[in-house]
>>> print(open('query_15.pdb').read())   # PDB, C-alpha atoms
ATOM      1  CA  LEU X 885       2.538 177.624 -94.808
ATOM      2  CA  TYR X 886       4.065 180.602 -93.031
ATOM      3  CA  ASN X 887       2.966 182.498 -89.950
ATOM      4  CA  SER X 888       4.443 184.363 -87.008
ATOM      5  CA  ALA X 889       3.698 184.524 -83.289
ATOM      6  CA  ASP X 890       5.394 185.194 -79.966
ATOM      7  CA  ILE X 891       5.971 181.619 -78.831
ATOM      8  CA  ASP X 892       8.623 182.189 -76.143
ATOM      9  CA  GLY X 893       7.177 185.296 -74.466
ATOM     10  CA  ASP X 894       9.990 187.741 -75.203
ATOM     11  CA  GLY X 895       7.638 190.223 -76.872
ATOM     12  CA  ILE X 896       9.069 189.545 -80.359
ATOM     13  CA  ASP X 897       7.241 187.515 -82.979
ATOM     14  CA  ASP X 898       8.948 184.304 -84.069
ATOM     15  CA  PRO X 899       8.762 182.891 -87.623
ATOM     16  CA  VAL X 900       6.592 179.770 -87.791
ATOM     17  CA  VAL X 901       6.225 177.185 -90.566
ATOM     18  CA  PHE X 902       3.402 174.607 -90.729
ATOM     19  CA  THR X 903       3.493 171.480 -92.915
ATOM     20  CA  PRO X 904      -0.088 170.251 -93.547
ATOM     21  CA  THR X 905       0.910 166.730 -94.616
ATOM     22  CA  THR X 906       2.722 166.040 -91.335
ATOM     23  CA  GLY X 907       0.803 168.379 -89.026
ATOM     24  CA  VAL X 908       4.081 169.811 -87.662
ATOM     25  CA  PHE X 909       4.790 173.410 -86.655
ATOM     26  CA  GLN X 910       8.420 174.552 -86.670
ATOM     27  CA  ILE X 911       9.489 177.726 -84.864
ATOM     28  CA  ARG X 912      12.685 179.734 -85.178
ATOM     29  CA  ARG X 913      12.975 181.859 -82.040
ATOM     30  CA  SER X 914      13.825 185.454 -82.954
ATOM     31  CA  SER X 915      15.906 185.987 -79.821
ATOM     32  CA  ARG X 916      17.866 182.760 -80.416
ATOM     33  CA  PRO X 917      18.231 182.450 -84.213
ATOM     34  CA  GLY X 918      21.171 180.053 -83.938
ATOM     35  CA  ALA X 919      19.293 177.522 -81.813
ATOM     36  CA  PRO X 920      17.578 174.505 -83.406
ATOM     37  CA  PRO X 921      13.939 175.144 -84.315
ATOM     38  CA  LEU X 922      11.270 174.156 -81.832
ATOM     39  CA  GLN X 923       8.583 171.753 -83.023
ATOM     40  CA  ALA X 924       4.961 171.067 -82.131
ATOM     41  CA  SER X 925       3.217 168.159 -83.826
ATOM     42  CA  PHE X 926      -0.501 167.508 -84.280
ATOM     43  CA  GLY X 927       0.284 164.463 -86.400
ATOM     44  CA  PRO X 928      -0.758 163.865 -90.012
ATOM     45  CA  PRO X 929      -4.444 164.267 -90.883
ATOM     46  CA  LEU X 930      -6.674 161.222 -90.718
ATOM     47  CA  ALA X 931      -8.103 159.671 -93.883
ATOM     48  CA  GLY X 932     -10.694 162.001 -95.379
ATOM     49  CA  GLU X 933      -9.645 164.929 -93.189
ATOM     50  CA  THR X 934      -7.541 168.029 -93.584
ATOM     51  CA  ARG X 935      -5.739 170.142 -91.017
ATOM     52  CA  SER X 936      -5.249 173.807 -91.838
ATOM     53  CA  PRO X 937      -3.470 176.344 -89.624
ATOM     54  CA  VAL X 938      -5.553 179.065 -88.008
ATOM     55  CA  MET X 939      -3.939 182.371 -87.079
ATOM     56  CA  LEU X 940      -1.829 181.710 -84.005
ATOM     57  CA  GLY X 941      -2.873 183.622 -80.903
ATOM     58  CA  ASP X 942      -3.230 183.501 -77.133
ATOM     59  CA  TYR X 943      -6.174 181.129 -76.729
ATOM     60  CA  ASP X 944      -5.621 180.382 -73.021
ATOM     61  CA  GLY X 945      -4.806 183.873 -71.714
ATOM     62  CA  ASP X 946      -1.296 183.215 -70.382
ATOM     63  CA  GLY X 947       0.394 185.848 -72.547
ATOM     64  CA  LEU X 948       1.992 183.333 -74.950
ATOM     65  CA  ASP X 949       0.688 182.474 -78.401
ATOM     66  CA  ASP X 950      -0.550 178.919 -78.941
ATOM     67  CA  PHE X 951      -0.289 176.519 -81.873
ATOM     68  CA  VAL X 952      -3.713 175.988 -83.371
ATOM     69  CA  VAL X 953      -5.239 174.140 -86.329
ATOM     70  CA  GLN X 954      -8.723 173.644 -87.710
ATOM     71  CA  ARG X 955      -9.591 170.027 -88.520
ATOM     72  CA  GLN X 956     -12.248 169.337 -91.154
ATOM     73  CA  ARG X 957     -13.460 166.359 -93.121
ATOM     74  CA  ILE X 958     -13.152 166.834 -96.869
ATOM     75  CA  LEU X 959     -15.082 163.653 -97.713
ATOM     76  CA  PRO X 960     -18.541 162.507 -96.549
ATOM     77  CA  PRO X 961     -19.715 162.078 -93.863
ATOM     78  CA  TYR X 962     -18.738 165.638 -92.975
ATOM     79  CA  GLY X 963     -19.992 166.072 -89.409
ATOM     80  CA  LEU X 964     -18.352 168.648 -87.171
ATOM     81  CA  SER X 965     -15.158 170.599 -87.719
ATOM     82  CA  TYR X 966     -12.778 170.957 -84.784
ATOM     83  CA  LEU X 967     -10.437 173.524 -83.310
ATOM     84  CA  GLU X 968      -7.287 171.999 -81.828
ATOM     85  CA  TYR X 969      -4.522 173.789 -79.978
ATOM     86  CA  PHE X 970      -1.655 173.144 -77.616
ATOM     87  CA  ARG X 971      -2.237 175.191 -74.467
ATOM     88  CA  SER X 972       1.073 176.941 -73.786
ATOM     89  CA  SER X 973       0.228 177.354 -70.100
ATOM     90  CA  ASP X 974       0.501 173.602 -69.422
ATOM     91  CA  GLY X 975       1.171 171.840 -72.764
ATOM     92  CA  VAL X 976      -2.244 170.131 -72.824
ATOM     93  CA  ARG X 977      -3.746 169.485 -76.254
ATOM     94  CA  VAL X 978      -7.273 170.932 -76.346
ATOM     95  CA  VAL X 979      -9.906 169.851 -78.898
ATOM     96  CA  PHE X 980     -13.234 171.653 -79.348
ATOM     97  CA  ALA X 981     -16.056 171.084 -81.816
ATOM     98  CA  ALA X 982     -16.410 174.350 -83.728
ATOM     99  CA  GLY X 983     -18.963 174.413 -86.498
ATOM    100  CA  ASP X 984     -20.977 171.922 -88.505
ATOM    101  CA  ASN X 985     -18.783 170.869 -91.398
ATOM    102  CA  SER X 986     -21.847 169.669 -93.299
ATOM    103  CA  LEU X 987     -22.258 173.400 -93.918
ATOM    104  CA  ALA X 988     -18.695 173.287 -95.256
ATOM    105  CA  ALA X 989     -17.139 176.202 -93.389
ATOM    106  CA  LEU X 990     -15.310 177.894 -96.218
ATOM    107  CA  LEU X 991     -13.683 180.903 -94.586
ATOM    108  CA  GLY X 992     -11.966 180.628 -91.236
ATOM    109  CA  GLY X 993      -9.871 182.991 -89.157
ATOM    110  CA  GLY X 994      -8.684 183.389 -85.628
ATOM    111  CA  GLY X 995      -5.906 184.563 -83.393
ATOM    112  CA  GLU X 996      -7.806 187.697 -82.389
ATOM    113  CA  ASP X 997     -10.158 188.459 -79.504
ATOM    114  CA  PHE X 998     -13.708 188.856 -80.839
ATOM    115  CA  ASP X 999     -15.669 188.746 -77.574
ATOM    116  CA  GLY X1000     -13.523 191.015 -75.396
ATOM    117  CA  ASP X1001     -12.401 188.428 -72.818
ATOM    118  CA  GLY X1002      -8.685 188.932 -73.549
ATOM    119  CA  MET X1003      -8.270 185.565 -75.302
ATOM    120  CA  ALA X1004      -8.197 184.617 -78.968
ATOM    121  CA  ASP X1005     -11.265 183.173 -80.686
ATOM    122  CA  LEU X1006     -12.169 181.435 -83.949
ATOM    123  CA  VAL X1007     -14.540 182.813 -86.587
ATOM    124  CA  GLN X1008     -16.032 180.792 -89.460
ATOM    125  CA  ARG X1009     -18.345 181.377 -92.393
ATOM    126  CA  GLY X1010     -20.447 178.757 -94.139
ATOM    127  CA  LEU X1011     -19.804 177.766 -97.743
ATOM    128  CA  ASN X1012     -23.251 178.420 -99.174
ATOM    129  CA  ASN X1013     -24.316 181.356 -97.043
ATOM    130  CA  THR X1014     -23.018 184.559 -95.480
ATOM    131  CA  ASN X1015     -23.589 183.473 -91.875
ATOM    132  CA  TYR X1016     -20.638 183.838 -89.526
ATOM    133  CA  THR X1017     -20.151 182.255 -86.116
ATOM    134  CA  VAL X1018     -17.594 183.229 -83.479
ATOM    135  CA  TYR X1019     -16.387 180.327 -81.321
ATOM    136  CA  ARG X1020     -14.697 181.102 -78.012
ATOM    137  CA  GLY X1021     -11.121 179.906 -77.908
ATOM    138  CA  THR X1022     -11.476 178.947 -74.253
ATOM    139  CA  ASP X1023     -14.184 176.297 -74.668
ATOM    140  CA  GLY X1024     -15.310 176.231 -78.328
ATOM    141  CA  LEU X1025     -18.823 177.477 -77.517
ATOM    142  CA  ALA X1026     -20.556 179.797 -79.962
ATOM    143  CA  ALA X1027     -20.237 183.344 -78.629
ATOM    144  CA  ALA X1028     -21.911 185.278 -81.437
ATOM    145  CA  SER X1029     -23.383 184.916 -84.911
ATOM    146  CA  PHE X1030     -24.077 187.426 -87.661
ATOM    147  CA  SER X1031     -24.589 187.764 -91.405
ATOM    148  CA  PHE X1032     -22.070 189.762 -93.401
ATOM    149  CA  GLY X1033     -20.635 190.131 -96.887
ATOM    150  CA  THR X1034     -21.467 188.251-100.074
ATOM    151  CA  LEU X1035     -20.889 184.797-101.537
ATOM    152  CA  LEU X1036     -18.115 186.362-103.625
ATOM    153  CA  ASP X1037     -15.935 186.759-100.528
ATOM    154  CA  GLU X1038     -12.730 184.753-100.960
ATOM    155  CA  VAL X1039     -10.539 185.896 -98.071
ATOM    156  CA  LEU X1040     -11.368 186.506 -94.409
ATOM    157  CA  LEU X1041      -9.010 188.644 -92.322
ATOM    158  CA  ALA X1042      -9.388 189.032 -88.556
ATOM    159  CA  ALA X1043      -8.034 192.419 -87.541
ATOM    160  CA  ASN X1044      -8.690 195.247 -85.084
ATOM    161  CA  ARG X1045      -9.549 198.238 -87.215
ATOM    162  CA  ALA X1046     -11.793 200.155 -84.769
ATOM    163  CA  GLY X1047      -9.252 200.493 -81.940
ATOM    164  CA  ASP X1048     -11.442 198.952 -79.216
ATOM    165  CA  ALA X1049     -10.913 195.711 -77.285
ATOM    166  CA  ARG X1050     -12.508 193.463 -79.905
ATOM    167  CA  ALA X1051     -11.310 192.242 -83.301
ATOM    168  CA  ASP X1052     -13.222 193.035 -86.465
ATOM    169  CA  VAL X1053     -13.846 190.997 -89.613
ATOM    170  CA  THR X1054     -12.670 192.105 -93.041
ATOM    171  CA  ALA X1055     -13.940 190.214 -96.076
ATOM    172  CA  VAL X1056     -12.063 190.494 -99.360
ATOM    173  CA  ARG X1057     -13.821 189.683-102.615
ATOM    174  CA  LEU X1058     -13.158 189.885-106.334
ATOM    175  CA  VAL X1059     -15.509 191.887-108.542
ATOM    176  CA  GLY X1060     -14.261 191.452-112.081
ATOM    177  CA  ASN X1061     -10.555 192.163-111.778
ATOM    178  CA  ASP X1062     -11.029 194.506-108.800
ATOM    179  CA  ILE X1063     -10.149 193.583-105.220
ATOM    180  CA  VAL X1064     -12.907 194.849-102.905
ATOM    181  CA  TRP X1065     -12.500 195.117 -99.119
ATOM    182  CA  GLN X1066     -15.307 195.452 -96.559
ATOM    183  CA  THR X1067     -15.128 195.482 -92.765
ATOM    184  CA  ARG X1068     -17.688 194.669 -90.095
ATOM    185  CA  THR X1069     -16.907 196.384 -86.779
ATOM    186  CA  THR X1070     -17.637 193.869 -84.019
ATOM    187  CA  GLY X1071     -18.349 196.409 -81.275
ATOM    188  CA  THR X1072     -21.033 198.312 -83.199
ATOM    189  CA  ALA X1073     -22.028 195.772 -85.902
ATOM    190  CA  ALA X1074     -21.518 198.579 -88.437
ATOM    191  CA  THR X1075     -20.473 197.602 -91.961
ATOM    192  CA  SER X1076     -18.084 199.786 -93.934
ATOM    193  CA  THR X1077     -18.607 200.987 -97.482
ATOM    194  CA  PRO X1078     -16.864 198.553 -99.855
ATOM    195  CA  LEU X1079     -13.343 199.760-100.676
ATOM    196  CA  VAL X1080     -11.910 199.034-104.135
ATOM    197  CA  PHE X1081      -8.189 198.545-103.637
ATOM    198  CA  GLY X1082      -6.039 196.496-105.992
ATOM    199  CA  ALA X1083      -6.563 194.294-109.015
ATOM    200  CA  ILE X1084      -5.848 190.754-110.154
ATOM    201  CA  ASN X1085      -4.994 189.169-113.503
ATOM    202  CA  ILE X1086      -1.914 191.339-113.858
ATOM    203  CA  PRO X1087       0.452 189.254-116.011
ATOM    204  CA  ASP X1088       3.228 187.355-114.221
ATOM    205  CA  THR X1089       2.080 188.301-110.710
ATOM    206  CA  ASP X1090       0.555 186.631-107.631
ATOM    207  CA  THR X1091      -1.605 188.626-105.201
ATOM    208  CA  PHE X1092      -1.737 188.124-101.413
ATOM    209  CA  ALA X1093      -4.123 190.043 -99.124
ATOM    210  CA  SER X1094      -2.848 190.758 -95.624
ATOM    211  CA  ALA X1095      -3.581 192.621 -92.412
ATOM    212  CA  ALA X1096      -0.775 194.336 -90.520
ATOM    213  CA  ASP X1097      -0.121 197.639 -88.752
ATOM    214  CA  PHE X1098       2.202 199.507 -91.116
ATOM    215  CA  ASP X1099       1.960 202.992 -89.580
ATOM    216  CA  GLY X1100       2.232 202.133 -85.876
ATOM    217  CA  ASP X1101      -1.148 203.479 -84.765
ATOM    218  CA  GLY X1102      -2.251 200.128 -83.331
ATOM    219  CA  LEU X1103      -4.828 199.537 -86.088
ATOM    220  CA  LEU X1104      -4.331 197.007 -88.845
ATOM    221  CA  ASP X1105      -4.245 198.500 -92.316
ATOM    222  CA  TYR X1106      -5.583 197.363 -95.685
ATOM    223  CA  SER X1107      -2.681 195.868 -97.600
ATOM    224  CA  TYR X1108      -1.700 193.389-100.243
ATOM    225  CA  TRP X1109       1.528 192.129-101.759
ATOM    226  CA  LEU X1110       1.953 191.774-105.498
ATOM    227  CA  ARG X1111       4.688 189.222-106.191
ATOM    228  CA  ASN X1112       6.358 189.425-109.579
ATOM    229  CA  SER X1113       6.586 185.713-110.328
ATOM    230  CA  ALA X1114       8.481 186.180-113.595
ATOM    231  CA  GLY X1115      11.304 188.283-112.179
ATOM    232  CA  THR X1116      10.679 190.997-114.761
ATOM    233  CA  GLY X1117      10.152 193.755-112.205
ATOM    234  CA  PRO X1118       9.897 194.472-108.484
ATOM    235  CA  SER X1119       7.483 192.772-106.120
ATOM    236  CA  GLN X1120       5.516 195.423-104.258
ATOM    237  CA  PHE X1121       3.478 196.054-101.100
ATOM    238  CA  PHE X1122       0.450 198.327-101.426
ATOM    239  CA  VAL X1123      -0.957 199.803 -98.197
ATOM    240  CA  LYS X1124      -3.966 201.960 -97.328
ATOM    241  CA  PRO X1125      -3.881 203.118 -93.673
ATOM    242  CA  THR X1126      -7.168 202.382 -91.901
ATOM    243  CA  THR X1127      -7.397 205.980 -90.676
ATOM    244  CA  ALA X1128      -6.485 207.468 -94.075
ATOM    245  CA  PRO X1129      -7.902 205.186 -96.795
ATOM    246  CA  ALA X1130      -7.486 207.894 -99.442
ATOM    247  CA  THR X1131      -3.712 207.452 -99.086
ATOM    248  CA  THR X1132      -1.808 204.600-100.736
ATOM    249  CA  TRP X1133       1.783 203.622 -99.983
ATOM    250  CA  THR X1134       3.855 201.530-102.348
ATOM    251  CA  VAL X1135       6.987 199.720-101.184
ATOM    252  CA  ASN X1136       9.212 197.632-103.432
ATOM    253  CA  GLN X1137      10.039 194.461-101.514
ATOM    254  CA  GLY X1138      10.675 190.823-102.390
ATOM    255  CA  GLY X1139      11.640 188.729-105.381
ATOM    256  CA  GLN X1140       9.991 186.130-107.569
ATOM    257  CA  THR X1141      10.729 183.282-105.111
ATOM    258  CA  SER X1142       9.981 185.263-101.929
ATOM    259  CA  GLN X1143       7.253 183.959 -99.648
ATOM    260  CA  PRO X1144       4.238 186.105 -98.658
ATOM    261  CA  LEU X1145       3.756 188.009 -95.430
ATOM    262  CA  PRO X1146       2.885 185.725 -92.486
ATOM    263  CA  GLY X1147      -0.873 185.342 -92.162
ATOM    264  CA  SER X1148      -1.591 186.661 -95.666
ATOM    265  CA  ARG X1149      -4.084 184.969 -97.976
ATOM    266  CA  SER X1150      -3.759 184.418-101.713
ATOM    267  CA  PHE X1151      -6.481 184.721-104.367
TER     268      PHE X1151
END
>>> encode(input="query_15.pdb", output="structure tokens")
Amino acid sequence: LYNSADIDGDGIDDPVVFTPTTGVFQIRRSSRPGAPPLQASFGPPLAGETRSPVMLGDYDGDGLDDFVVQRQRILPPYGLSYLEYFRSSDGVRVVFAAGDNSLAALLGGGGEDFDGDGMADLVQRGLNNTNYTVYRGTDGLAAASFSFGTLLDEVLLAANRAGDARADVTAVRLVGNDIVWQTRTTGTAATSTPLVFGAINIPDTDTFASAADFDGDGLLDYSYWLRNSAGTGPSQFFVKPTTAPATTWTVNQGGQTSQPLPGSRSF
């Protein structure tokens, strides 16, 4: 599983790979590409548990991104799910209870600051409801809760689309073959009109939703990557700028074996 984050504090994101079966992160430092990869290990998951990577971010406020995973039981008894991260400021492994896994938290995201304290937080949604909870990355306590979206939502993207000091939540759902995007602005609790952008079930393709700033305005844009898995044509990025959603950019990029954009989510 691929991601990116500024691990060494040089202001440039580094490519990161996480192996769920071993619980190991590997990092290739962008400023030192010839050096051996760094590693951070959480260890393999325990019996009946799974460890999935959460978006890397600065959870302790020292200016460096931290390695973080969400630990959940996938077999009864479910109990709590946990947020674990290595604090880059001192190397201490921090474990917080974050959500009742008996509710089977289906959608999880993080790496962004939802409560405005300058540090990354975790957001989760329950499996059988549309209730979201934001857990503070500093201590795992619930900082906010709200209802948003529908049970059709398949992908959760944490991204700042409003341009304030707090991250927003974008839910991506499938309605028929259409990909529908909807954003809840954290600062105002306003919900956007659903945006139909993209389609699935296109032969010989895989679709990955993502959030990244493609136009340099500091706001993350609506985007997805359509990988041509058969090699019969180009793989393509499709982008709608947050400030100009009537505009669509198309960029040919990638091949049939290329990996998706770091932090993207597949359908």
>>> resolve_selection(input="query_15.pdb", expression="the PyMOL selection byres ((chain X and resi 1060-1068) around 8)", output="list in words")
Phe1032, Gly1033, Asp1052, Val1053, Thr1054, Ala1055, Val1056, Arg1057, Leu1058, Val1059, Thr1069, Thr1070, Ala1073, Ala1074, Thr1075, Ser1076, Thr1077, Pro1078, Leu1079, Val1080, Phe1081, Gly1082, Ala1083, Ile1084 and Asn1085 of chain X
>>> residues_around(input="query_15.pdb", residues="X:Pro1125", least_positions_apart="4", cutoff="7 Å", atoms="only C-alpha atoms", output="VMD selection string")
chain X and resid 1105 to 1106 1129 1131
>>> write_last_selection(input="query_15.pdb", atoms="C-alpha atoms", output="PDB file, in the frame of the given file")
ATOM      1  CA  ASP X1105      -4.245 198.500 -92.316  1.00  0.00           C
ATOM      2  CA  TYR X1106      -5.583 197.363 -95.685  1.00  0.00           C
ATOM      3  CA  PRO X1129      -7.902 205.186 -96.795  1.00  0.00           C
ATOM      4  CA  THR X1131      -3.712 207.452 -99.086  1.00  0.00           C
TER       5      THR X1131
END
>>> atom_distance(input="query_15.pdb", atom1="atom CA of X:Leu1110", atom2="atom CA of X:Thr1091")
4.8 Å
>>> closest_residue(input="query_15.pdb", among="X:Ile891, X:Ala931, X:Leu1006, X:Val1039", to="X:Arg971", atoms="all atoms listed in the file")
X:Ile891
>>> resolve_selection(input="query_15.pdb", expression="the PyMOL selection byres ((chain X and resi 903) around 10)", output="list of chain:residue names")
X:Leu885, X:Tyr886, X:Val901, X:Phe902, X:Pro904, X:Thr905, X:Thr906, X:Gly907, X:Val908, X:Phe909, X:Gln910, X:Ser925, X:Pro928, X:Arg935, X:Ser936, X:Pro937
>>> resolve_selection(input="query_15.pdb", expression="the PyMOL selection byres ((chain X and resi 1101) around 10)", output="PDB file with C-alpha atoms, in the coordinates of the input")
ATOM      1  CA  GLY X1047      -9.252 200.493 -81.940  1.00  0.00           C
ATOM      2  CA  ASP X1097      -0.121 197.639 -88.752  1.00  0.00           C
ATOM      3  CA  PHE X1098       2.202 199.507 -91.116  1.00  0.00           C
ATOM      4  CA  ASP X1099       1.960 202.992 -89.580  1.00  0.00           C
ATOM      5  CA  GLY X1100       2.232 202.133 -85.876  1.00  0.00           C
ATOM      6  CA  GLY X1102      -2.251 200.128 -83.331  1.00  0.00           C
ATOM      7  CA  LEU X1103      -4.828 199.537 -86.088  1.00  0.00           C
ATOM      8  CA  LEU X1104      -4.331 197.007 -88.845  1.00  0.00           C
ATOM      9  CA  ASP X1105      -4.245 198.500 -92.316  1.00  0.00           C
ATOM     10  CA  PRO X1125      -3.881 203.118 -93.673  1.00  0.00           C
ATOM     11  CA  THR X1126      -7.168 202.382 -91.901  1.00  0.00           C
ATOM     12  CA  THR X1127      -7.397 205.980 -90.676  1.00  0.00           C
TER      13      THR X1127
END
>>> atom_distance(input="query_15.pdb", atom1="atom CA of X:Thr1022", atom2="atom CA of X:Arg1149")
25.6 Å
>>> atom_distance(input="query_15.pdb", atom1="atom CA of X:Ser972", atom2="atom CA of X:Asp999")
20.8 Å
>>> residues_around(input="query_15.pdb", residues="X:Glu996", least_positions_apart="4", cutoff="9 Å", atoms="only C-alpha atoms", output="PyMOL selection string")
chain X and resi 939-943+1002-1006+1042-1044+1050-1052
>>> residues_around(input="query_15.pdb", residues="X:Gly895", least_positions_apart="2", cutoff="10 Å", atoms="all atoms listed in the file", output="PDB file with C-alpha atoms, in the coordinates of the input")
ATOM      1  CA  ALA X 889       3.698 184.524 -83.289  1.00  0.00           C
ATOM      2  CA  ASP X 890       5.394 185.194 -79.966  1.00  0.00           C
ATOM      3  CA  ILE X 891       5.971 181.619 -78.831  1.00  0.00           C
ATOM      4  CA  ASP X 892       8.623 182.189 -76.143  1.00  0.00           C
ATOM      5  CA  GLY X 893       7.177 185.296 -74.466  1.00  0.00           C
ATOM      6  CA  ASP X 897       7.241 187.515 -82.979  1.00  0.00           C
ATOM      7  CA  ASP X 898       8.948 184.304 -84.069  1.00  0.00           C
ATOM      8  CA  SER X 914      13.825 185.454 -82.954  1.00  0.00           C
ATOM      9  CA  SER X 915      15.906 185.987 -79.821  1.00  0.00           C
ATOM     10  CA  GLY X 947       0.394 185.848 -72.547  1.00  0.00           C
ATOM     11  CA  LEU X 948       1.992 183.333 -74.950  1.00  0.00           C
TER      12      LEU X 948
END
>>> axis_aligned_box(input="query_15.pdb", around="stretch 1073-1082 of chain X", padding_each_side="6 Å", output="lines of an AutoDock Vina configuration file")
center_x = -14.0
center_y = 198.4
center_z = -95.9
size_x = 28.0
size_y = 17.2
size_z = 32.1
